[in-house]
Amino acid sequence: MASEMGETQAGTIELVHYHVGGDGERALEAFLEEYRRTHTTVVDPISYDNTRLQVKSRILNGDPPDVWTGWAGANLRAYEQANVLADVTDLFTDTAMERNYRDVARDAAQVDGVYRAVPYSMHRINDLYVNVAAAQAAGIDPATLDSPREFATLVTEADIDGSAFLLPMKEPWLVLQLWELVLLGQFDHETFEDVTGGRARTHRDAIVDCLDIVATFASGAPDDAVYTSLVEANERFIDGKAPFYQQGDWAGGVFVDAAEFTYEEDWQRIAFPGTEDMYVVSIDAMTPSKAADMDVIRPFLEYAGSPDGQVPFTRAKGSLPTRTDAPTDQLSVFGQDQARALERARDQPQSMAHGLSVTTQTRIELLDAFASFITDWDSDAAADEIVDVFDQ
């Protein structure tokens with residue numbers, strides 16, 4: 001049980017995190033259990049429903065947590081601008097971390113060449129889940145799916161009892177996530193980099209095209225999709241309510257733990273059409289405050305960056321370690337398949353929906369644009385908002 005804010009004893013690490021409930025809570029418990037077995041420093045975990053807002057409030061009040069969990073990549077820039085992040089470059093260069101981290105994780109841990117965070121878990125965004133029985137009943141062969149446009153047309157024309165495609169829309173980021181995958185799959189990584197790099201206006205036609213495709217997917221989703229949460233969509237997929245469901249590997253972690261729902265036999269994972277050569281990533285990182293006592297928090301950060309810390313967490317979460325030397329044989333069969341997909345991937349785009357390729361403020365503005373899009377499905381109006389967000 002975490003102590004109340006302000007009651008942390010000297011020498012204790014205050015860890016503010018967002019791993020609340022379900023697979024996230026189990027993963028953090030496994031991570032901390034192993035840490036406590038091998039370390040004496042006390043870690044005081046405190047969870048918030050909106051970690052980002054609470055951390056921001058604490059920073060503004062001059063009382064930042066010692067360490068907090070957050071996305072790596074561009075998400076770190078707001079904290080860097082507030083001058084609250086510790087420099088942990090020597091932690092990477094003085095240990096085996098730097099040479100054994102994956103390139104994408106090393107890149108996402110740095111702001112302007114300085115290491116500011118310790119990635120510990122890497123998620124794949126571009127998974128498409130197939131409920132085998134539902135797909136067979138619908139007469140749809142997943143191997144025939146070549147592009148997002150073709151896939152969207154297929155799910156709307158499928159002659160089945162119910163919907164062919166689950167698309168939870170209660171939170172706008174779920175639709176933003178689908179749109180970025182459509183952009184990658186219908187076009188390419190270079191277009192994605194142009195859009196996120198401030199050249200969105202030159203790709204307005206592509207942006208509109210991908211919004212139209214997302215709207216087509218939405219027309220093939222359940223009637224109450226706009227009120228459906230991620231958790232509810234997970235449950236519906238397990239129950240066979242639709243043959244297809246796009247989501248990150250965190251959903252696969254839930255399915256692995258589901259009773260009488262066997263991987264490969266009852267459900268399968270393929271890449272979202274058009275992204276077969278990609279491993280679209282979101283990366284969780286431990287973010288240290290420069291106000292914290294580095295002598296106290298460094299061993300904890302080093303553990304978070306080690307195979308010993310990353311394996312128990314990712315095994316429970318359904319994600320992958322950010323280190324190349326972390327063993328994957330302890331992962332589930334699903335996790336091991338993901339690891340092989342990562343090794344085969346030609347590109348590793350950093351997700352905008354999860355704050356890696358866009359700043360916190362840009363992501364907020366994109367979510368506003370997609371919240372409006374969900375209400376009227378006006379692709380031209382949404383494209384204008386998106387272009388303005390990226391090109392300002």
# chains A, B, ... in the order shown; residues from 1 in each chain; ligands from 1

$ closest_atom_pairs --of "stretch 237-270 of chain A" --to "stretch 19-42 of chain A" --cutoff "10 Å" --atoms "only C-alpha atoms" --output "Markdown table"
| residue | atom | partner | partner_atom | distance |
| --- | --- | --- | --- | --- |
| A:Trp250 | CA | A:Asp23 | CA | 7.8 |
| A:Ala251 | CA | A:Asp23 | CA | 9.3 |
| A:Gly253 | CA | A:Asp23 | CA | 7.1 |
| A:Val254 | CA | A:Asp23 | CA | 6.8 |
| A:Asp257 | CA | A:Asp23 | CA | 9.0 |

$ write_last_selection --atoms "N, CA and C atoms" --output "PDB file, in the first residue's frame"
ATOM      1  N   TRP A 250      -0.717  -4.685 -25.646  1.00  0.00           N
ATOM      2  CA  TRP A 250      -1.312  -4.767 -24.307  1.00  0.00           C
ATOM      3  C   TRP A 250      -2.616  -5.575 -24.367  1.00  0.00           C
ATOM      4  N   ALA A 251      -3.323  -5.503 -25.487  1.00  0.00           N
ATOM      5  CA  ALA A 251      -4.526  -6.317 -25.643  1.00  0.00           C
ATOM      6  C   ALA A 251      -4.141  -7.791 -25.727  1.00  0.00           C
ATOM      7  N   GLY A 253      -1.687  -9.159 -24.286  1.00  0.00           N
ATOM      8  CA  GLY A 253      -1.384  -9.588 -22.928  1.00  0.00           C
ATOM      9  C   GLY A 253      -2.635  -9.986 -22.171  1.00  0.00           C
ATOM     10  N   VAL A 254      -3.733  -9.262 -22.427  1.00  0.00           N
ATOM     11  CA  VAL A 254      -5.016  -9.601 -21.807  1.00  0.00           C
ATOM     12  C   VAL A 254      -5.531 -10.931 -22.351  1.00  0.00           C
ATOM     13  N   ASP A 257      -4.008 -14.108 -20.945  1.00  0.00           N
ATOM     14  CA  ASP A 257      -4.467 -14.486 -19.607  1.00  0.00           C
ATOM     15  C   ASP A 257      -5.925 -14.926 -19.568  1.00  0.00           C
TER      16      ASP A 257
END

$ residues_around --residues "stretch 359-375 of chain A" --least-positions-apart "2" --cutoff "6 Å" --atoms "only C-alpha atoms" --output "PyMOL selection string"
chain A and resi 74-75+172+377+382

$ select_by_dssp --residues "stretch 95-339 of chain A" --states "alpha helix (DSSP H)" --output "PyMOL selection string"
chain A and resi 97-100+103-108+132-138+148-157+172-186+189-196+204-219+230-238+249-257+294-304+307-317+333-339

$ closest_atom_pairs --of "stretch 11-119 of chain A" --to "stretch 287-311 of chain A" --cutoff "8 Å" --atoms "only C-alpha atoms" --output "tab-separated table"
residue	atom	partner	partner_atom	distance
A:Gly11	CA	A:Val296	CA	6.5
A:Thr12	CA	A:Val296	CA	7.8
A:Ile13	CA	A:Ile297	CA	6.5
A:Phe31	CA	A:Gly309	CA	5.9
A:Glu34	CA	A:Gly309	CA	7.2
A:Tyr35	CA	A:Gly309	CA	7.1
A:Thr41	CA	A:Val296	CA	7.6
A:Pro64	CA	A:Ser289	CA	6.7
A:Pro65	CA	A:Ser289	CA	6.7
A:Asp66	CA	A:Ala292	CA	5.0
A:Val67	CA	A:Pro288	CA	4.4
A:Trp68	CA	A:Thr287	CA	5.2
A:Thr69	CA	A:Thr287	CA	5.9
A:Gly70	CA	A:Thr287	CA	6.7
A:Val84	CA	A:Lys290	CA	5.6
A:Leu85	CA	A:Ser289	CA	4.9
A:Ala86	CA	A:Lys290	CA	3.9
A:Asp87	CA	A:Lys290	CA	7.3
A:Leu91	CA	A:Glu302	CA	7.1
A:Met97	CA	A:Gly305	CA	6.7
A:Arg116	CA	A:Thr287	CA	6.9
A:Ala117	CA	A:Thr287	CA	4.7
A:Val118	CA	A:Gly305	CA	6.1
A:Pro119	CA	A:Gly305	CA	6.7

$ closest_residue --among "A:Pro148, A:Gly248, A:Gly113, A:Gly73" --to "A:Gly185" --atoms "only C-alpha atoms"
A:Pro148
